[in-house]
>>> print(open('structure-v8.txt').read())   # compact mmCIF, C-alpha atoms
# COMPACT_ATOMS: atom_id res chain seq x y z
CA VAL A 1 0.00 0.00 0.00
CA LEU A 2 2.83 2.40 0.86
CA CYS A 3 4.62 1.74 -2.42
CA SER A 4 1.39 2.28 -4.32
CA ALA A 5 0.63 5.54 -2.51
CA ILE A 6 4.12 6.94 -3.07
CA SER A 7 4.57 5.89 -6.70
CA TRP A 8 4.42 8.66 -9.28
CA SER A 9 2.84 6.20 -11.70
CA MET A 10 -0.21 5.87 -9.48
CA GLY A 11 -0.33 9.57 -8.66
CA SER A 12 0.07 10.91 -12.17
CA GLY A 13 -0.08 8.16 -14.78
CA VAL A 14 -2.74 5.62 -13.85
CA VAL A 15 -5.32 8.25 -12.87
CA ARG A 16 -5.41 9.78 -16.37
CA PRO A 17 -6.60 7.13 -18.86
CA LEU A 18 -9.98 6.00 -17.54
CA VAL A 19 -9.96 2.52 -19.06
CA ASN A 20 -6.39 1.77 -17.98
CA SER A 21 -7.07 2.93 -14.43
CA ALA A 22 -10.19 0.77 -14.15
CA GLU A 23 -8.32 -2.18 -15.62
CA THR A 24 -5.49 -1.72 -13.12
CA ALA A 25 -7.89 -1.49 -10.15
CA LEU A 26 -9.78 -4.63 -11.20
CA THR A 27 -6.53 -6.49 -11.83
CA ALA A 28 -5.25 -5.56 -8.36
CA ALA A 29 -8.49 -6.86 -6.83
CA ALA A 30 -8.17 -10.10 -8.80
CA PHE A 31 -4.56 -10.53 -7.66
CA VAL A 32 -5.69 -10.31 -4.03
CA TYR A 33 -7.93 -13.37 -4.44
CA TRP A 34 -5.80 -15.21 -6.97
CA PRO A 35 -4.70 -18.57 -5.48
CA TRP A 36 -0.94 -18.08 -5.63
CA ASP A 37 0.78 -21.29 -4.46
CA ARG A 38 -2.42 -22.66 -2.99
CA ALA A 39 -3.13 -26.36 -3.35
CA VAL A 40 -6.90 -25.76 -3.15
CA PRO A 41 -7.83 -22.61 -5.10
CA ASN A 42 -11.07 -21.84 -3.24
CA SER A 43 -10.81 -18.10 -3.88
CA LEU A 44 -10.49 -18.58 -7.64
CA PRO A 45 -14.14 -17.77 -8.56
CA LEU A 46 -14.01 -14.32 -6.98
CA ALA A 47 -10.62 -13.62 -8.58
CA LEU A 48 -12.02 -14.65 -11.96
CA VAL A 49 -14.96 -12.25 -11.57
CA PHE A 50 -12.59 -9.29 -11.21
CA ALA A 51 -10.39 -10.64 -14.01
CA ALA A 52 -13.41 -11.02 -16.31
CA LEU A 53 -14.52 -7.45 -15.61
CA SER A 54 -11.06 -6.18 -16.53
CA CYS A 55 -11.25 -8.12 -19.81
CA VAL A 56 -14.72 -6.79 -20.59
CA ILE A 57 -13.63 -3.16 -20.30
CA ARG A 58 -10.26 -3.79 -22.00
CA PRO A 59 -10.04 -7.10 -23.89
CA THR A 60 -6.24 -6.96 -24.17
CA SER A 61 -6.18 -7.72 -20.44
CA GLY A 62 -6.96 -11.27 -21.50
CA ALA A 63 -3.27 -11.78 -22.37
CA LEU A 64 -2.32 -11.22 -18.73
CA TRP A 65 -4.96 -13.62 -17.43
CA LEU A 66 -4.06 -16.23 -20.01
CA CYS A 67 -0.52 -16.21 -18.59
CA ALA A 68 -1.82 -16.32 -15.01
CA GLY A 69 -4.16 -19.19 -15.86
CA LEU A 70 -1.44 -21.27 -17.49
CA VAL A 71 0.85 -20.75 -14.49
CA LEU A 72 -1.98 -21.82 -12.19
CA LEU A 73 -2.73 -24.94 -14.25
CA PHE A 74 0.84 -26.16 -14.48
CA THR A 75 1.91 -25.60 -10.88
CA ARG A 76 1.78 -28.33 -8.29
CA PRO A 77 -0.09 -30.24 -7.10
CA HIS A 78 -1.08 -31.90 -10.37
CA CYS A 79 -4.36 -33.73 -9.98
CA ILE A 80 -7.45 -34.22 -12.13
CA SER A 81 -9.87 -32.81 -9.56
CA ARG A 82 -7.89 -29.57 -9.18
CA THR A 83 -7.59 -29.12 -12.95
CA LEU A 84 -11.29 -29.77 -13.48
CA TYR A 85 -12.17 -27.29 -10.74
CA ILE A 86 -10.04 -24.58 -12.41
CA VAL A 87 -11.59 -25.26 -15.82
CA LYS A 88 -15.12 -25.32 -14.35
CA CYS A 89 -14.65 -21.97 -12.57
CA THR A 90 -13.18 -20.42 -15.69
CA LEU A 91 -16.13 -21.52 -17.83
CA MET A 92 -18.72 -20.47 -15.24
CA VAL A 93 -17.30 -16.94 -15.10
CA GLY A 94 -15.90 -16.65 -18.62
CA ILE A 95 -18.99 -17.58 -20.64
CA PRO A 96 -21.29 -14.95 -19.01
CA ALA A 97 -18.49 -12.38 -19.29
CA ILE A 98 -18.04 -13.02 -23.02
CA ALA A 99 -21.80 -12.95 -23.56
CA SER A 100 -22.06 -9.63 -21.70
CA MET A 101 -19.21 -8.18 -23.77
CA LEU A 102 -20.91 -9.23 -27.01
CA VAL A 103 -24.23 -7.67 -25.99
CA ILE A 104 -22.63 -4.41 -24.81
CA ASP A 105 -20.67 -4.07 -28.05
CA ARG A 106 -23.78 -4.95 -30.06
CA LEU A 107 -25.60 -2.06 -28.41
CA GLY A 108 -22.69 0.28 -29.01
CA TYR A 109 -21.69 -0.66 -32.57
CA LYS A 110 -25.17 -1.66 -33.78
CA ARG A 111 -23.65 -4.89 -35.11
CA TRP A 112 -22.08 -8.05 -33.70
CA VAL A 113 -18.36 -7.71 -33.03
CA PHE A 114 -15.86 -9.66 -30.95
CA PRO A 115 -13.21 -7.17 -29.73
CA PRO A 116 -10.38 -9.69 -29.10
CA TYR A 117 -10.72 -10.91 -32.70
CA GLN A 118 -10.84 -7.33 -34.01
CA PHE A 119 -7.73 -6.59 -31.99
CA TYR A 120 -5.97 -9.56 -33.56
CA LEU A 121 -7.02 -8.56 -37.08
CA PHE A 122 -5.90 -4.95 -36.73
CA ASN A 123 -2.72 -5.33 -34.66
CA VAL A 124 -1.39 -8.75 -35.67
CA HIS A 125 -2.89 -9.89 -38.96
CA GLU A 126 -2.82 -6.48 -40.65
CA GLY A 127 0.12 -5.27 -38.56
CA LEU A 128 -1.39 -1.78 -38.27
CA ALA A 129 -0.42 -1.21 -34.65
CA THR A 130 2.69 0.53 -35.95
CA TRP A 131 0.45 3.26 -37.38
CA PHE A 132 0.57 4.80 -33.90
CA GLY A 133 4.36 4.46 -33.74
CA GLU A 134 6.74 1.52 -34.02
CA SER A 135 8.54 0.36 -30.88
CA PRO A 136 11.68 -1.79 -30.55
CA PRO A 137 11.11 -5.37 -29.32
CA LEU A 138 12.61 -4.71 -25.87
CA TYR A 139 10.73 -1.44 -25.32
CA HIS A 140 8.86 -2.69 -22.24
CA LEU A 141 12.07 -3.97 -20.68
CA TYR A 142 14.23 -0.84 -20.89
CA VAL A 143 11.59 1.90 -21.27
CA SER A 144 8.29 0.87 -19.67
CA MET A 145 9.70 -0.74 -16.52
CA PRO A 146 12.07 2.15 -15.60
CA ILE A 147 9.31 4.69 -16.28
CA LEU A 148 6.67 2.87 -14.25
CA PHE A 149 8.81 2.14 -11.20
CA THR A 150 11.61 4.77 -11.48
CA SER A 151 13.51 4.82 -8.17
CA MET A 152 11.49 1.86 -6.90
CA LEU A 153 12.79 -0.46 -9.62
CA PRO A 154 15.83 -1.70 -7.64
CA PHE A 155 13.51 -2.75 -4.82
CA VAL A 156 11.20 -4.49 -7.31
CA LEU A 157 14.07 -6.48 -8.83
CA HIS A 158 15.57 -7.29 -5.43
CA GLY A 159 12.18 -8.39 -4.10
CA ALA A 160 11.61 -10.66 -7.09
CA TYR A 161 15.11 -12.12 -6.66
CA ILE A 162 14.74 -13.00 -2.98
CA ALA A 163 11.24 -14.36 -3.64
CA ILE A 164 12.63 -16.75 -6.22
CA ALA A 165 16.01 -17.55 -4.67
CA ARG A 166 15.17 -17.52 -0.97
CA GLY A 167 11.43 -18.16 -0.85
CA TYR A 168 10.52 -14.85 0.84
CA ALA A 169 7.31 -14.73 -1.20
CA SER A 170 5.60 -16.50 -4.07
CA ALA A 171 7.56 -16.48 -7.34
CA GLN A 172 4.41 -17.01 -9.43
CA PRO A 173 3.51 -13.32 -9.77
CA ALA A 174 6.98 -12.67 -11.20
CA VAL A 175 6.55 -15.49 -13.72
CA VAL A 176 3.14 -14.10 -14.72
CA ALA A 177 4.52 -10.56 -15.08
CA VAL A 178 7.46 -11.64 -17.25
CA ALA A 179 5.24 -13.83 -19.43
CA ALA A 180 2.65 -11.06 -19.86
CA MET A 181 5.35 -8.52 -20.69
CA PHE A 182 6.65 -10.89 -23.36
CA VAL A 183 3.17 -11.27 -24.88
CA PHE A 184 2.58 -7.50 -24.87
CA SER A 185 5.94 -7.09 -26.64
CA LEU A 186 4.75 -9.11 -29.64
CA VAL A 187 2.78 -6.12 -30.94
CA GLY A 188 4.72 -3.53 -32.93
CA HIS A 189 3.35 -0.51 -31.03
CA MET A 190 4.00 -0.32 -27.28
CA GLU A 191 3.30 2.25 -24.58
CA TYR A 192 4.24 2.03 -20.92
CA ARG A 193 0.59 2.46 -19.91
CA PHE A 194 -0.10 -0.98 -21.38
CA LEU A 195 1.78 -2.42 -18.38
CA TYR A 196 -0.24 -0.58 -15.72
CA PRO A 197 -1.91 -3.88 -14.65
CA LEU A 198 1.53 -5.18 -13.67
CA LEU A 199 2.06 -2.36 -11.17
CA PRO A 200 0.47 -4.28 -8.24
CA ILE A 201 2.92 -7.13 -8.77
CA GLY A 202 5.85 -4.73 -8.81
CA PHE A 203 4.67 -2.95 -5.67
CA MET A 204 4.30 -6.28 -3.90
CA TYR A 205 7.89 -7.26 -4.67
CA ALA A 206 9.15 -3.80 -3.70
CA ALA A 207 7.43 -4.25 -0.34
CA VAL A 208 9.03 -7.69 0.04
CA SER A 209 12.44 -6.14 -0.61
CA ILE A 210 11.95 -3.25 1.81
CA ASN A 211 10.62 -5.55 4.51
CA SER A 212 13.62 -7.86 4.15
CA LEU A 213 16.06 -4.96 4.33
CA VAL A 214 14.62 -3.37 7.46
CA SER A 215 13.87 -6.57 9.35
CA THR A 216 17.18 -8.42 8.95
CA LEU A 217 19.99 -7.47 11.36
CA PRO A 218 23.57 -7.43 10.11
CA ARG A 219 25.73 -10.44 10.96
CA GLY A 220 27.33 -10.07 14.38
CA LEU A 221 24.44 -8.08 15.88
CA ASP A 222 22.00 -10.96 16.23
CA THR A 223 24.22 -13.99 16.90
CA GLY A 224 25.81 -12.98 20.20
CA ARG A 225 29.29 -13.50 18.79
CA LYS A 226 32.01 -11.16 19.97
CA SER A 227 32.95 -8.36 17.65
CA SER A 228 35.14 -5.34 18.02
CA LYS A 229 33.48 -2.03 18.78
CA ASP A 230 34.80 -0.53 15.53
CA SER A 231 33.47 -3.43 13.47
CA MET A 232 30.09 -3.29 15.18
CA ARG A 233 29.90 0.47 14.72
CA ALA A 234 30.75 0.19 11.01
CA LYS A 235 28.14 -2.50 10.43
CA THR A 236 25.49 -0.56 12.31
CA LYS A 237 26.26 2.62 10.36
CA ARG A 238 25.97 0.82 7.03
CA TRP A 239 22.75 -0.84 8.09
CA ARG A 240 21.12 2.42 9.06
CA LEU A 241 21.07 3.29 5.37
CA TRP A 242 18.28 0.72 5.05
CA SER A 243 16.15 2.01 7.91
CA VAL A 244 12.43 2.47 7.29
CA ARG A 245 12.82 6.22 7.63
CA ASN A 246 15.61 6.44 5.04
CA ILE A 247 13.88 4.22 2.52
CA ILE A 248 10.58 6.10 2.78
CA ALA A 249 12.40 9.44 2.54
CA TYR A 250 14.23 8.22 -0.57
CA LEU A 251 11.02 7.09 -2.25
CA LEU A 252 9.17 10.27 -1.29
CA VAL A 253 11.92 12.56 -2.61
CA THR A 254 12.19 10.67 -5.90
CA ASN A 255 8.47 10.22 -6.56
CA VAL A 256 6.30 12.93 -4.99
CA PRO A 257 7.98 15.98 -6.62
CA ALA A 258 7.75 14.30 -10.02
CA SER A 259 4.10 13.48 -9.46
CA LEU A 260 3.29 17.04 -8.37
CA TYR A 261 5.13 18.52 -11.35
CA LEU A 262 3.42 16.23 -13.84
CA ASN A 263 0.00 16.87 -12.33
CA LEU A 264 0.21 20.61 -11.72
CA VAL A 265 2.67 21.98 -14.29
CA HIS A 266 3.54 19.66 -17.17
CA GLN A 267 1.14 19.98 -20.14
CA ARG A 268 -1.38 21.94 -18.12
CA GLY A 269 -2.14 24.28 -21.02
CA VAL A 270 -4.28 21.72 -22.85
CA VAL A 271 -6.52 21.54 -19.77
CA ASP A 272 -6.47 25.26 -18.96
CA VAL A 273 -7.60 26.11 -22.49
CA MET A 274 -10.73 23.99 -22.07
CA ALA A 275 -11.57 25.78 -18.82
CA TYR A 276 -11.19 29.07 -20.67
CA LEU A 277 -13.40 27.95 -23.56
CA ARG A 278 -16.01 26.65 -21.12
CA SER A 279 -16.11 30.02 -19.39
CA GLU A 280 -16.41 31.83 -22.74
CA ALA A 281 -19.17 29.48 -23.87
CA GLN A 282 -21.12 30.07 -20.66
CA ASN A 283 -21.01 33.78 -21.49
CA HIS A 284 -22.28 33.07 -25.03
CA LEU A 285 -19.03 34.17 -26.62
CA VAL A 286 -18.34 30.92 -28.49
CA GLU A 287 -20.20 29.56 -31.51
CA ASP A 288 -17.99 26.65 -32.49
CA ILE A 289 -14.40 25.51 -31.95
CA GLY A 290 -11.75 23.96 -34.18
CA PHE A 291 -8.52 22.38 -32.95
CA LEU A 292 -5.61 22.81 -35.38
CA MET A 293 -3.28 20.53 -33.48
CA PRO A 294 -2.41 16.82 -33.44
CA CYS A 295 -5.60 14.88 -32.78
CA HIS A 296 -6.69 14.26 -29.18
CA SER A 297 -4.28 16.90 -27.86
CA THR A 298 -6.88 18.33 -25.48
CA PRO A 299 -9.84 17.03 -23.49
CA TYR A 300 -13.14 17.36 -25.29
CA TYR A 301 -16.74 17.55 -24.07
CA SER A 302 -15.71 15.98 -20.77
CA HIS A 303 -14.26 19.40 -19.90
CA LEU A 304 -16.34 21.78 -22.01
CA HIS A 305 -19.79 20.77 -20.64
CA GLN A 306 -21.50 22.99 -23.20
CA PRO A 307 -23.50 22.08 -26.36
CA ILE A 308 -20.97 23.79 -28.62
CA PRO A 309 -20.05 22.20 -32.00
CA MET A 310 -16.36 21.23 -32.07
CA TRP A 311 -14.01 19.38 -34.40
CA PHE A 312 -10.37 18.31 -34.46
CA LEU A 313 -8.06 17.09 -37.20
CA SER A 314 -8.73 13.48 -38.14
CA CYS A 315 -6.05 10.85 -37.58
CA GLU A 316 -7.93 7.56 -37.96
CA PRO A 317 -5.74 4.69 -39.14
CA PRO A 318 -6.61 2.64 -42.23
CA LEU A 319 -8.42 -0.62 -41.62
CA GLU A 320 -6.34 -2.58 -44.12
CA LYS A 321 -2.60 -2.62 -44.65
CA SER A 322 -3.10 -2.35 -48.41
CA ALA A 323 -4.57 1.15 -47.91
CA LEU A 324 -1.52 2.55 -46.11
CA ALA A 325 0.01 4.16 -49.21
CA THR A 326 -3.15 6.08 -50.16
CA HIS A 327 -4.68 6.69 -46.73
CA TYR A 328 -5.47 10.34 -45.96
CA TRP A 329 -5.61 11.93 -42.54
CA GLU A 330 -6.00 15.61 -41.82
CA ALA A 331 -3.38 15.88 -39.09
CA ASN A 332 -0.65 14.87 -41.52
CA ASP A 333 -1.96 17.09 -44.31
CA PHE A 334 -2.11 20.08 -41.97
CA GLU A 335 1.40 19.50 -40.63
CA LEU A 336 2.89 19.33 -44.14
CA ASP A 337 1.02 22.33 -45.58
CA PRO A 338 -0.96 24.21 -42.91
CA VAL A 339 -1.83 27.27 -45.01
CA GLY A 340 -2.91 25.21 -48.01
CA PHE A 341 -4.93 22.95 -45.73
CA MET A 342 -6.89 25.90 -44.33
CA HIS A 343 -7.59 27.16 -47.84
CA ARG A 344 -8.97 23.76 -48.79
CA ILE A 345 -11.23 23.07 -45.81
CA PHE A 346 -12.60 26.47 -44.79
CA ASP A 347 -15.78 27.38 -46.64
CA SER A 348 -15.28 30.67 -48.46
CA LYS A 349 -19.01 31.40 -48.13
CA ASP A 350 -18.76 30.97 -44.36
CA SER A 351 -22.30 29.65 -43.92
CA GLY A 352 -24.29 29.96 -40.70
CA VAL A 353 -23.67 28.50 -37.28
CA LEU A 354 -23.68 24.70 -37.02
CA ASP A 355 -26.54 23.33 -34.98
CA VAL A 356 -25.00 19.87 -34.56
CA VAL A 357 -22.92 19.15 -31.47
CA ASP A 358 -19.73 17.15 -32.08
CA GLN A 359 -20.10 17.48 -35.85
CA ARG A 360 -18.40 14.53 -37.58
CA TYR A 361 -16.72 15.85 -40.70
CA GLN A 362 -15.30 13.45 -43.22
CA PRO A 363 -11.50 13.83 -43.57
CA GLY A 364 -10.82 16.80 -45.83
CA GLN A 365 -14.46 17.92 -45.86
CA THR A 366 -15.13 21.65 -46.22
CA ARG A 367 -16.42 23.36 -43.09
CA ARG A 368 -17.23 26.87 -41.89
CA LYS A 369 -14.60 28.94 -40.15
CA PRO A 370 -15.24 28.43 -36.43
CA SER A 371 -15.46 31.32 -34.00
CA HIS A 372 -12.42 29.93 -32.11
CA LEU A 373 -9.32 28.08 -33.26
CA VAL A 374 -6.87 26.41 -30.89
CA THR A 375 -3.29 25.51 -31.83
CA TYR A 376 0.20 25.12 -30.42
CA GLU A 377 2.68 27.99 -30.43
CA CYS A 378 5.03 26.17 -32.80
CA MET A 379 2.21 26.00 -35.39
CA ALA A 380 0.87 29.47 -34.59
CA ASP A 381 4.18 30.91 -35.75
CA ARG A 382 3.65 29.25 -39.14
CA ILE A 383 0.01 30.24 -39.71
CA HIS A 384 -0.38 33.53 -37.82
CA SER A 385 -0.35 35.72 -40.94
CA GLU A 386 -2.93 33.53 -42.66
CA LEU A 387 -5.19 33.56 -39.59
CA VAL A 388 -5.07 37.36 -39.54
CA LEU A 389 -6.16 37.41 -43.20
CA LEU A 390 -9.06 35.13 -42.28
CA GLY A 391 -10.19 37.59 -39.61
CA TYR A 392 -8.73 35.91 -36.53
CA SER A 393 -6.81 37.53 -33.69
CA GLU A 394 -5.11 35.98 -30.69
CA CYS A 395 -7.33 36.15 -27.62
CA ALA A 396 -5.66 33.85 -25.10
CA ARG A 397 -2.43 31.97 -24.47
CA PHE A 398 -1.67 29.27 -21.90
CA PHE A 399 1.63 27.87 -20.74
CA ASN A 400 1.76 24.17 -21.53
CA THR A 401 5.13 22.57 -20.77
CA HIS A 402 8.83 23.18 -20.26
CA PHE A 403 9.72 20.28 -22.55
CA ASN A 404 8.02 18.01 -25.04
CA GLY A 405 9.46 15.20 -27.11
CA ASP A 406 6.91 15.81 -29.88
CA SER A 407 7.98 18.70 -32.10
CA ARG A 408 4.34 19.26 -33.11
CA ARG A 409 3.33 20.06 -29.52
CA LYS A 410 5.98 22.55 -28.47
CA GLY A 411 5.26 25.91 -26.89
CA ASP A 412 2.15 27.46 -25.40
CA VAL A 413 -1.44 26.67 -26.33
CA VAL A 414 -2.78 29.61 -28.32
CA VAL A 415 -6.43 30.55 -28.92
CA TYR A 416 -7.57 32.65 -31.88
CA ARG A 417 -10.98 34.27 -32.18
CA ARG A 418 -12.92 36.02 -34.90
CA PRO A 419 -16.08 38.16 -34.61
CA LEU A 420 -19.23 36.15 -33.95
CA THR A 421 -21.55 35.66 -36.93
CA ALA A 422 -24.73 35.39 -34.91
CA THR A 423 -26.12 36.39 -31.55
CA LYS A 424 -26.96 33.49 -29.27
>>> encode(input="structure-v8.txt", output="structure tokens")
Amino acid sequence: VLCSAISWSMGSGVVRPLVNSAETALTAAAFVYWPWDRAVPNSLPLALVFAALSCVIRPTSGALWLCAGLVLLFTRPHCISRTLYIVKCTLMVGIPAIASMLVIDRLGYKRWVFPPYQFYLFNVHEGLATWFGESPPLYHLYVSMPILFTSMLPFVLHGAYIAIARGYASAQPAVVAVAAMFVFSLVGHMEYRFLYPLLPIGFMYAAVSINSLVSTLPRGLDTGRKSSKDSMRAKTKRWRLWSVRNIIAYLLVTNVPASLYLNLVHQRGVVDVMAYLRSEAQNHLVEDIGFLMPCHSTPYYSHLHQPIPMWFLSCEPPLEKSALATHYWEANDFELDPVGFMHRIFDSKDSGVLDVVDQRYQPGQTRRKPSHLVTYECMADRIHSELVLLGYSECARFFNTHFNGDSRRKGDVVVYRRPLTATK
């Protein structure tokens, strides 16, 4: 619990993507009841309920539970009754879960779909996962793990080692985590958030490590054997480095400031701009909004809370690999030729106010010039003159970040406005 509360990943990362956070919470609950090293897995049904819920909301979680299930099946004791019990529980929970998933998706998509199969088609068969960025095969090993656990990683590795080598705790969670990480690495596109469900396992092993360090006395202090005062003093001094106070202080100093910075400062402009637009909309100063920035850069109606038409540049991937060469997406077109893009999509007649909330334009479709345009500073420098010619002027600017690895998202978030065309 302490490791989880201190971790920057829990304080800043997990709380952001709704589906990933729910998946992580349900996975942690399932791990609590999972029958690690138990001859009679009586708690398995309850664990499977939480596992099934995590798979329903995010089907890729099934890879983790497939690994956990195989480890459970092939661990001792091997007996027919135990195996049949595991299979029976899995079917009793799994079949209703799959049926529920099918019905929910039928209601949402208006047709029958099976998300795990769709995931396989898109990411594996068509190999289109790399549309979102291609990752090296060992990405999760040397990028995701250090990012997720940062200064806690040495404790995680040490805890896993003593669990396996000395029997301080069950080694099965480590086996499951490594196997799941391997499976997740088979897809060409990887992000560290995909490993959020493995955080509870890491925190458990970090706690095992810390507990072993603070509860074991150095040799010579607990055996009653004679030792020189200097030797005893040296051993005691070294051991104090691993006191509870020092370890907690180390984890606090290396995690809490990072979490506060990432929550309160880093990339705050994309949130602040939505608060500004919400306030303007409440005062009837906004007709519609366009986002000339990489897609999904800002929150959307979850922060606006107003029935204002909005659109952002499309970036949908193709559904077939054969369409990659000819596939069109607005975000790329705008980045390559922003001025030409605006000439092509903005209606020269500038027709009346849209009365459709969340208007779904087809990629490249002509649309009216919105009352407000939002972009990044790096792009504003390229299109400012054209925006002035179109009747826009800068009305607000919000600090976003001190650094950003994406060159398309550098600088402040800038809002442009033009005179309203109608009175609301």
>>> closest_residue(input="structure-v8.txt", among="A:Ile289, A:Val414, A:Val176, A:Leu313", to="A:Val273", atoms="all atoms listed in the file")
A:Val414
>>> closest_residue(input="structure-v8.txt", among="A:Arg344, A:Arg367, A:Arg268, A:Arg82", to="A:His402", atoms="only C-alpha atoms")
A:Arg268
>>> atom_distance(input="structure-v8.txt", atom1="atom CA of A:Thr401", atom2="atom CA of A:Leu304")
21.5 Å
>>> residues_around(input="structure-v8.txt", residues="stretch 36-47 of chain A", least_positions_apart="4", cutoff="9 Å", atoms="only C-alpha atoms", output="CSV table (one decimal) with C-alpha atoms, keeping the file's coordinate frame")
chain,number,residue,atom,x,y,z
A,27,THR,CA,-6.5,-6.5,-11.8
A,29,ALA,CA,-8.5,-6.9,-6.8
A,30,ALA,CA,-8.2,-10.1,-8.8
A,31,PHE,CA,-4.6,-10.5,-7.7
A,32,VAL,CA,-5.7,-10.3,-4.0
A,51,ALA,CA,-10.4,-10.6,-14.0
A,52,ALA,CA,-13.4,-11.0,-16.3
A,72,LEU,CA,-2.0,-21.8,-12.2
A,75,THR,CA,1.9,-25.6,-10.9
A,76,ARG,CA,1.8,-28.3,-8.3
A,77,PRO,CA,-0.1,-30.2,-7.1
A,82,ARG,CA,-7.9,-29.6,-9.2
A,85,TYR,CA,-12.2,-27.3,-10.7
A,86,ILE,CA,-10.0,-24.6,-12.4
A,89,CYS,CA,-14.6,-22.0,-12.6
A,90,THR,CA,-13.2,-20.4,-15.7
A,92,MET,CA,-18.7,-20.5,-15.2
A,93,VAL,CA,-17.3,-16.9,-15.1
A,170,SER,CA,5.6,-16.5,-4.1
A,171,ALA,CA,7.6,-16.5,-7.3
A,172,GLN,CA,4.4,-17.0,-9.4
A,173,PRO,CA,3.5,-13.3,-9.8
>>> closest_residue(input="structure-v8.txt", among="A:Asn263, A:Phe399, A:Ser385, A:Cys378", to="A:Gly11", atoms="only C-alpha atoms")
A:Asn263
>>> residues_around(input="structure-v8.txt", residues="stretch 151-160 of chain A", least_positions_apart="4", cutoff="12 Å", atoms="only C-alpha atoms", output="PyMOL selection string")
chain A and resi 2-4+6-9+141-147+164-178+198-213+242+247-256+258
>>> write_last_selection(input="structure-v8.txt", atoms="C-alpha atoms", output="mmCIF file, keeping the file's coordinate frame")
data_model
loop_
_atom_site.group_PDB
_atom_site.id
_atom_site.type_symbol
_atom_site.label_atom_id
_atom_site.label_comp_id
_atom_site.auth_asym_id
_atom_site.auth_seq_id
_atom_site.Cartn_x
_atom_site.Cartn_y
_atom_site.Cartn_z
ATOM 1 C CA LEU A 2 2.830 2.400 0.860
ATOM 2 C CA CYS A 3 4.620 1.740 -2.420
ATOM 3 C CA SER A 4 1.390 2.280 -4.320
ATOM 4 C CA ILE A 6 4.120 6.940 -3.070
ATOM 5 C CA SER A 7 4.570 5.890 -6.700
ATOM 6 C CA TRP A 8 4.420 8.660 -9.280
ATOM 7 C CA SER A 9 2.840 6.200 -11.700
ATOM 8 C CA LEU A 141 12.070 -3.970 -20.680
ATOM 9 C CA TYR A 142 14.230 -0.840 -20.890
ATOM 10 C CA VAL A 143 11.590 1.900 -21.270
ATOM 11 C CA SER A 144 8.290 0.870 -19.670
ATOM 12 C CA MET A 145 9.700 -0.740 -16.520
ATOM 13 C CA PRO A 146 12.070 2.150 -15.600
ATOM 14 C CA ILE A 147 9.310 4.690 -16.280
ATOM 15 C CA ILE A 164 12.630 -16.750 -6.220
ATOM 16 C CA ALA A 165 16.010 -17.550 -4.670
ATOM 17 C CA ARG A 166 15.170 -17.520 -0.970
ATOM 18 C CA GLY A 167 11.430 -18.160 -0.850
ATOM 19 C CA TYR A 168 10.520 -14.850 0.840
ATOM 20 C CA ALA A 169 7.310 -14.730 -1.200
ATOM 21 C CA SER A 170 5.600 -16.500 -4.070
ATOM 22 C CA ALA A 171 7.560 -16.480 -7.340
ATOM 23 C CA GLN A 172 4.410 -17.010 -9.430
ATOM 24 C CA PRO A 173 3.510 -13.320 -9.770
ATOM 25 C CA ALA A 174 6.980 -12.670 -11.200
ATOM 26 C CA VAL A 175 6.550 -15.490 -13.720
ATOM 27 C CA VAL A 176 3.140 -14.100 -14.720
ATOM 28 C CA ALA A 177 4.520 -10.560 -15.080
ATOM 29 C CA VAL A 178 7.460 -11.640 -17.250
ATOM 30 C CA LEU A 198 1.530 -5.180 -13.670
ATOM 31 C CA LEU A 199 2.060 -2.360 -11.170
ATOM 32 C CA PRO A 200 0.470 -4.280 -8.240
ATOM 33 C CA ILE A 201 2.920 -7.130 -8.770
ATOM 34 C CA GLY A 202 5.850 -4.730 -8.810
ATOM 35 C CA PHE A 203 4.670 -2.950 -5.670
ATOM 36 C CA MET A 204 4.300 -6.280 -3.900
ATOM 37 C CA TYR A 205 7.890 -7.260 -4.670
ATOM 38 C CA ALA A 206 9.150 -3.800 -3.700
ATOM 39 C CA ALA A 207 7.430 -4.250 -0.340
ATOM 40 C CA VAL A 208 9.030 -7.690 0.040
ATOM 41 C CA SER A 209 12.440 -6.140 -0.610
ATOM 42 C CA ILE A 210 11.950 -3.250 1.810
ATOM 43 C CA ASN A 211 10.620 -5.550 4.510
ATOM 44 C CA SER A 212 13.620 -7.860 4.150
ATOM 45 C CA LEU A 213 16.060 -4.960 4.330
ATOM 46 C CA TRP A 242 18.280 0.720 5.050
ATOM 47 C CA ILE A 247 13.880 4.220 2.520
ATOM 48 C CA ILE A 248 10.580 6.100 2.780
ATOM 49 C CA ALA A 249 12.400 9.440 2.540
ATOM 50 C CA TYR A 250 14.230 8.220 -0.570
ATOM 51 C CA LEU A 251 11.020 7.090 -2.250
ATOM 52 C CA LEU A 252 9.170 10.270 -1.290
ATOM 53 C CA VAL A 253 11.920 12.560 -2.610
ATOM 54 C CA THR A 254 12.190 10.670 -5.900
ATOM 55 C CA ASN A 255 8.470 10.220 -6.560
ATOM 56 C CA VAL A 256 6.300 12.930 -4.990
ATOM 57 C CA ALA A 258 7.750 14.300 -10.020
#
>>> residues_around(input="structure-v8.txt", residues="A:Val103", least_positions_apart="5", cutoff="12 Å", atoms="all atoms listed in the file", output="PyMOL selection string")
chain A and resi 56+96-98+108-115
>>> axis_aligned_box(input="structure-v8.txt", around="stretch 179-197 of chain A", padding_each_side="3 Å", output="AutoDock Vina command-line options")
--center_x 2.4 --center_y -5.7 --center_z -23.8 --size_x 14.6 --size_y 22.3 --size_z 24.3
>>> atom_distance(input="structure-v8.txt", atom1="atom CA of A:Gly340", atom2="atom CA of A:Asp406")
22.7 Å
